[in-house]
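Participant: Right, I'll just put the structure down here and ask away after.
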Amino acid sequence: MEPERIVETNAAGEERVGPVDAALTPRWAGPATFARLPRTDQVEHTDVAVVGVPFDSGVSYRPGARFGPNHVRESSRLLRPYNPAQNHSPFANLQVADAGDLVGNPFDIREAIDSIEKGARELMGEDTKIVAIGGDHTIALPLLRAAHSRHGKVALLHFDAHLDTWDTYFGAEYTHGTPFRRAFEEGIIDTDAVMHVGTRGPLYGTQDLEDDSRFGFEIVSSADVLRSGVDAVVEALRERVGDRPLYISLDIDVLDPAHAPGTGTPEAGGITSREVLEILRGLRGLDVVACDVVEVAPAYDHAELTGIAAAHVVYELLSLISLGADAAPDGPAYGISGARYGDAK
């Protein structure tokens, strides 16, 4: 039996099919699509697709992110349709739906990358934007290729404990630690508008940083977030991106393990879930064309801490896309208290 859903009409008079009505069907009941949204085959058109990419053959330490998409879907059951921090209802403005999973060959990374890229291009081919749930960070490369095929070179904001611009592991060019080096080499990212956020932890040597700088990346470390604060970080990111088409890639290990224990390569000293959500909200009005949230490994996740954090990140990304590039950058009420972003200086 199909549960009753929330149906809303946007400013253009168009009906949008939203989540299952939690007043009529308990949140723990029924299949776990993201935020209990309809599937793409249940709506006539999809403006934004949430798609799983359950692939983790590129990991270098703890495996298990292949189970991330369904874990994040289960962890998203408590999300509600109105975002008070943005004064916006993302599921009412645009038609958002769950597109299921893009599947890659777990025994052949190159073949998997090709099939994920093909599936992402097909999803984007109908003027649909995507938010992907991984899977390990290898999947960012085919998704960036797909975004580039539609938008040209894209700006990149990369939230991660790690640089992911290394060359090879054990001679392998395609792993979860190499996607952005490959993206640079393929010329699909705008090197004037690429930045790491939340980076920390030991490296192999100074050459790692020298290579990263050569590829165009600037770094906002987790210590920078602590010392400079969210407002300054947001200002730096906005200045770096400008009005370019923007791809956001977020490895859940950007969060401290206290906030996201369920991940494959945890690093101490990370930012909080509150900080990452506030930074994302501060990107309001940028031209976000595609996103991914990766490296959720549920086997290490106690009480859905990581899954819930990832679900809220996806929700904020969907809100940014729904608001669009025409949204006022300073935003409406920034938090339920009514304080506007930038008021407290």
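Starting from 1 in every chain, residues are counted up; chains themselves are A, B, ... following the order of the structure tokens, and ligands are numbered from 1 as listed.
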Could you give me, as a PyMOL selection string, the residues within 10 Å of Arg39 (chain A), counting only C-alpha atoms and dropping anything in the same chain fewer than 4 positions from it?
Facilitator: chain A and resi 33-34+43+46+49-50+96-100
Participant: Using only C-alpha atoms, which residues sit within 9 Å of Ser60 (chain A) once same-chain residues fewer than 4 positions away are excluded, as a ChimeraX atom specification?
Facilitator: /A:169,175-177,264-265
Participant: What's around Ala65 (chain A) at 8 Å? Count only C-alpha atoms, leave out sequence neighbours fewer than 5 positions away in its own chain, and write the answer as a PyMOL selection string.
Facilitator: chain A and resi 54-56+134-136+263-264+294-298
Participant: What does the file look like for those residues with N, CA, C and O atoms, as a tab-separated table (two decimals), in the first residue's frame?
Facilitator:
chain	number	residue	atom	x	y	z
A	54	PRO	N	27.06	2.79	-4.24
A	54	PRO	CA	27.58	1.86	-3.24
A	54	PRO	C	28.85	1.14	-3.70
A	54	PRO	O	28.86	-0.07	-3.95
A	55	PHE	N	29.94	1.89	-3.78
A	55	PHE	CA	31.21	1.37	-4.29
A	55	PHE	C	32.32	1.74	-3.32
A	55	PHE	O	32.45	2.91	-2.94
A	56	ASP	N	33.13	0.77	-2.88
A	56	ASP	CA	34.23	1.10	-1.98
A	56	ASP	C	35.49	0.29	-2.27
A	56	ASP	O	36.32	0.07	-1.38
A	134	GLY	N	27.90	8.24	-1.27
A	134	GLY	CA	28.81	7.12	-1.47
A	134	GLY	C	28.75	6.13	-0.34
A	134	GLY	O	28.01	6.30	0.62
A	135	GLY	N	29.51	5.04	-0.55
A	135	GLY	CA	30.63	4.90	-1.43
A	135	GLY	C	31.86	5.65	-0.95
A	135	GLY	O	31.81	6.52	-0.13
A	136	ASP	N	33.01	5.20	-1.50
A	136	ASP	CA	34.25	5.88	-1.15
A	136	ASP	C	34.51	7.03	-2.11
A	136	ASP	O	33.78	7.25	-3.08
A	263	THR	N	33.54	5.83	9.64
A	263	THR	CA	34.23	6.17	8.39
A	263	THR	C	35.53	5.39	8.30
A	263	THR	O	36.02	4.88	9.32
A	264	GLY	N	36.10	5.32	7.13
A	264	GLY	CA	37.22	4.42	6.88
A	264	GLY	C	38.58	4.92	7.28
A	264	GLY	O	39.47	4.14	7.59
A	294	VAL	N	30.44	11.26	0.94
A	294	VAL	CA	31.06	9.94	0.80
A	294	VAL	C	31.69	9.46	2.10
A	294	VAL	O	31.80	10.20	3.08
A	295	GLU	N	32.11	8.18	2.05
A	295	GLU	CA	32.93	7.53	3.09
A	295	GLU	C	32.18	7.25	4.39
A	295	GLU	O	32.80	7.11	5.45
A	296	VAL	N	30.86	7.12	4.34
A	296	VAL	CA	30.10	6.66	5.50
A	296	VAL	C	30.20	5.13	5.54
A	296	VAL	O	29.74	4.45	4.62
A	297	ALA	N	30.80	4.61	6.60
A	297	ALA	CA	30.98	3.16	6.76
A	297	ALA	C	30.19	2.70	7.99
A	297	ALA	O	30.67	2.81	9.12
A	298	PRO	N	28.99	2.19	7.78
A	298	PRO	CA	28.08	1.94	8.91
A	298	PRO	C	28.56	0.91	9.92
A	298	PRO	O	28.12	0.93	11.07
Participant: For Ala132 (chain A), which of A:Leu318, A:Ile113, A:Ala161, A:Leu237 is the closest residue, counting only C-alpha atoms?
Facilitator: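 That would be A:Leu318, the residue with the smallest distance to Ala132 (chain A).
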Participant: Can I get the residues of region 60-169 of chain A within 10 Å of region 12-27 of chain A, each with the closest pair of atoms and their distance in Å to one decimal, using only C-alpha atoms, sorted chain first then ascending number, as a Markdown table?
Facilitator:
| residue | atom | partner | partner_atom | distance |
| --- | --- | --- | --- | --- |
| A:Glu74 | CA | A:Arg27 | CA | 10.0 |
| A:Ser76 | CA | A:Arg27 | CA | 9.7 |
| A:Arg77 | CA | A:Arg27 | CA | 5.9 |
| A:Leu78 | CA | A:Arg27 | CA | 6.7 |
| A:Leu79 | CA | A:Pro19 | CA | 9.4 |
| A:Arg80 | CA | A:Pro19 | CA | 8.3 |
| A:Pro81 | CA | A:Pro19 | CA | 7.4 |
| A:Pro90 | CA | A:Gly18 | CA | 9.4 |
| A:Phe91 | CA | A:Gly18 | CA | 5.7 |
| A:Ala92 | CA | A:Arg16 | CA | 5.5 |
| A:Asn93 | CA | A:Arg16 | CA | 7.2 |
| A:Leu94 | CA | A:Arg16 | CA | 6.7 |
| A:Gln95 | CA | A:Arg16 | CA | 5.4 |
| A:Val96 | CA | A:Gly18 | CA | 7.5 |
| A:Ala97 | CA | A:Gly18 | CA | 8.2 |
Participant: Can you measure CA of Arg227 (chain A) to CA of Asp251 (chain A) for me? One decimal in Å is fine.
Facilitator: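 According to the coordinates, CA of Arg227 (chain A) and CA of Asp251 (chain A) are separated by 21.8 Å.
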Participant: List the neighbours of Val225 (chain A) out to 12 Å using only C-alpha atoms; skip same-chain residues closer than 4 positions along the sequence, and give me the result as a list in words.
Facilitator: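 Contacts, with the query itself left out: Phe159, His196, Val197, Gly198, Thr199, Arg200, Ile219, Val220, Ser221, Gly229, Val230, Asp231, Ala232, Val233, Val234, Glu235, Ala236, Leu237, Val254, Leu255, Gly269, Gly270, Ile271, Thr272, Arg274, Glu275, Val276, Glu278 and Ile279 of chain A.
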Participant: Restrict the selected residues to N, CA, C and O atoms and save them as an mmCIF file, in the first residue's frame.
Facilitator:
data_model
loop_
_atom_site.group_PDB
_atom_site.id
_atom_site.type_symbol
_atom_site.label_atom_id
_atom_site.label_comp_id
_atom_site.auth_asym_id
_atom_site.auth_seq_id
_atom_site.Cartn_x
_atom_site.Cartn_y
_atom_site.Cartn_z
ATOM 1 N N PHE A 159 35.468 19.150 1.118
ATOM 2 C CA PHE A 159 35.475 19.038 2.573
ATOM 3 C C PHE A 159 36.032 17.668 2.938
ATOM 4 O O PHE A 159 35.426 16.638 2.611
ATOM 5 N N HIS A 196 40.294 23.046 -0.404
ATOM 6 C CA HIS A 196 40.035 22.033 0.613
ATOM 7 C C HIS A 196 39.523 22.719 1.873
ATOM 8 O O HIS A 196 39.985 23.811 2.227
ATOM 9 N N VAL A 197 38.627 22.030 2.585
ATOM 10 C CA VAL A 197 38.105 22.565 3.843
ATOM 11 C C VAL A 197 38.164 21.463 4.902
ATOM 12 O O VAL A 197 37.721 20.341 4.660
ATOM 13 N N GLY A 198 38.727 21.807 6.065
ATOM 14 C CA GLY A 198 38.750 20.869 7.182
ATOM 15 C C GLY A 198 39.925 19.912 7.185
ATOM 16 O O GLY A 198 39.958 18.971 7.980
ATOM 17 N N THR A 199 40.898 20.152 6.308
ATOM 18 C CA THR A 199 42.040 19.259 6.171
ATOM 19 C C THR A 199 42.896 19.266 7.438
ATOM 20 O O THR A 199 43.053 20.297 8.089
ATOM 21 N N ARG A 200 43.454 18.112 7.761
ATOM 22 C CA ARG A 200 44.273 17.987 8.975
ATOM 23 C C ARG A 200 45.021 16.653 8.925
ATOM 24 O O ARG A 200 44.850 15.860 8.014
ATOM 25 N N ILE A 219 43.921 25.805 1.016
ATOM 26 C CA ILE A 219 43.502 24.964 2.132
ATOM 27 C C ILE A 219 42.964 25.812 3.275
ATOM 28 O O ILE A 219 43.603 26.776 3.706
ATOM 29 N N VAL A 220 41.776 25.445 3.752
ATOM 30 C CA VAL A 220 41.254 25.929 5.028
ATOM 31 C C VAL A 220 41.272 24.713 5.950
ATOM 32 O O VAL A 220 40.474 23.796 5.786
ATOM 33 N N SER A 221 42.203 24.687 6.874
ATOM 34 C CA SER A 221 42.333 23.527 7.748
ATOM 35 C C SER A 221 41.276 23.546 8.847
ATOM 36 O O SER A 221 40.594 24.562 9.060
ATOM 37 N N GLY A 229 36.888 31.059 12.631
ATOM 38 C CA GLY A 229 35.444 31.009 12.758
ATOM 39 C C GLY A 229 34.736 30.789 11.435
ATOM 40 O O GLY A 229 35.305 30.958 10.351
ATOM 41 N N VAL A 230 33.484 30.416 11.527
ATOM 42 C CA VAL A 230 32.681 30.062 10.360
ATOM 43 C C VAL A 230 32.536 31.239 9.401
ATOM 44 O O VAL A 230 32.644 31.080 8.183
ATOM 45 N N ASP A 231 32.293 32.432 9.927
ATOM 46 C CA ASP A 231 32.048 33.586 9.059
ATOM 47 C C ASP A 231 33.225 33.839 8.124
ATOM 48 O O ASP A 231 33.052 34.063 6.916
ATOM 49 N N ALA A 232 34.431 33.813 8.666
ATOM 50 C CA ALA A 232 35.615 34.069 7.857
ATOM 51 C C ALA A 232 35.830 32.967 6.830
ATOM 52 O O ALA A 232 36.245 33.234 5.697
ATOM 53 N N VAL A 233 35.559 31.730 7.221
ATOM 54 C CA VAL A 233 35.706 30.612 6.291
ATOM 55 C C VAL A 233 34.725 30.748 5.134
ATOM 56 O O VAL A 233 35.093 30.604 3.964
ATOM 57 N N VAL A 234 33.486 31.057 5.445
ATOM 58 C CA VAL A 234 32.479 31.226 4.398
ATOM 59 C C VAL A 234 32.880 32.343 3.444
ATOM 60 O O VAL A 234 32.765 32.207 2.217
ATOM 61 N N GLU A 235 33.355 33.432 3.978
ATOM 62 C CA GLU A 235 33.781 34.558 3.131
ATOM 63 C C GLU A 235 34.890 34.127 2.168
ATOM 64 O O GLU A 235 34.868 34.469 0.980
ATOM 65 N N ALA A 236 35.851 33.352 2.671
ATOM 66 C CA ALA A 236 36.949 32.886 1.827
ATOM 67 C C ALA A 236 36.455 31.933 0.739
ATOM 68 O O ALA A 236 36.892 32.020 -0.421
ATOM 69 N N LEU A 237 35.539 31.046 1.076
ATOM 70 C CA LEU A 237 35.015 30.100 0.094
ATOM 71 C C LEU A 237 34.219 30.813 -0.984
ATOM 72 O O LEU A 237 34.350 30.523 -2.173
ATOM 73 N N VAL A 254 35.671 14.660 7.308
ATOM 74 C CA VAL A 254 35.967 16.054 7.630
ATOM 75 C C VAL A 254 35.527 16.352 9.062
ATOM 76 O O VAL A 254 36.100 17.218 9.726
ATOM 77 N N LEU A 255 34.523 15.625 9.528
ATOM 78 C CA LEU A 255 34.074 15.762 10.907
ATOM 79 C C LEU A 255 35.022 15.012 11.839
ATOM 80 O O LEU A 255 35.609 13.997 11.479
ATOM 81 N N GLY A 269 40.931 15.694 15.637
ATOM 82 C CA GLY A 269 41.048 17.144 15.483
ATOM 83 C C GLY A 269 40.157 17.748 14.418
ATOM 84 O O GLY A 269 40.450 18.835 13.903
ATOM 85 N N GLY A 270 39.057 17.092 14.097
ATOM 86 C CA GLY A 270 38.189 17.570 13.029
ATOM 87 C C GLY A 270 37.190 18.614 13.471
ATOM 88 O O GLY A 270 37.084 18.961 14.649
ATOM 89 N N ILE A 271 36.442 19.130 12.499
ATOM 90 C CA ILE A 271 35.417 20.121 12.796
ATOM 91 C C ILE A 271 34.147 19.417 13.276
ATOM 92 O O ILE A 271 34.002 18.195 13.151
ATOM 93 N N THR A 272 33.235 20.173 13.828
ATOM 94 C CA THR A 272 32.003 19.610 14.372
ATOM 95 C C THR A 272 30.918 19.558 13.306
ATOM 96 O O THR A 272 30.998 20.239 12.276
ATOM 97 N N ARG A 274 28.022 20.813 13.672
ATOM 98 C CA ARG A 274 27.436 22.161 13.660
ATOM 99 C C ARG A 274 28.221 23.080 12.740
ATOM 100 O O ARG A 274 27.634 23.839 11.947
ATOM 101 N N GLU A 275 29.552 23.020 12.815
ATOM 102 C CA GLU A 275 30.379 23.902 11.981
ATOM 103 C C GLU A 275 30.199 23.607 10.504
ATOM 104 O O GLU A 275 30.077 24.526 9.685
ATOM 105 N N VAL A 276 30.180 22.324 10.132
ATOM 106 C CA VAL A 276 30.058 22.018 8.705
ATOM 107 C C VAL A 276 28.685 22.425 8.179
ATOM 108 O O VAL A 276 28.567 22.931 7.048
ATOM 109 N N GLU A 278 26.842 24.914 9.323
ATOM 110 C CA GLU A 278 26.825 26.373 9.233
ATOM 111 C C GLU A 278 27.622 26.865 8.020
ATOM 112 O O GLU A 278 27.222 27.820 7.349
ATOM 113 N N ILE A 279 28.741 26.221 7.730
ATOM 114 C CA ILE A 279 29.523 26.614 6.552
ATOM 115 C C ILE A 279 28.705 26.374 5.285
ATOM 116 O O ILE A 279 28.648 27.239 4.391
#
Participant: Write out as a PyMOL selection string all residues of region 83-306 of chain A that DSSP puts in strand (DSSP E) for this structure's backbone.
Facilitator: chain A and resi 96-101+129-134+154-159+189-199+218-221+245-251+287-294
Participant: For each of A:Met195, A:Leu246, A:Val313, A:Ala327, take the minimum atom-to-atom distance to His158 (chain A), counting only C-alpha atoms, then give the residue where this is smallest.
Facilitator: A:Met195
Participant: Nearest to Arg145 (chain A) among A:Gly201, A:Gly58, A:Gly187, A:Gly262, with distances taken over only C-alpha atoms: which residue is it?
Facilitator: A:Gly187
Participant: In Å, with one decimal, what is the gap from CA of Phe67 (chain A) to CA of Thr168 (chain A)?
Facilitator: 24.9 Å
Participant: In terms of the shortest atom-to-atom distance over only C-alpha atoms, which of A:Asp253, A:Glu267, A:Asp330, A:Glu218 is closest to Thr306 (chain A)?
Facilitator: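 Using only C-alpha atoms, the shortest distance to Thr306 (chain A) belongs to A:Asp253.
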Participant: In region 49-277 of chain A, what's helix (DSSP H, G or I) per DSSP? Answer as number ranges by chain?
Facilitator: A: 65-75, 90-93, 109-124, 137-151, 179-186, 206-214, 222-228, 230-241, 252-254, 273-277
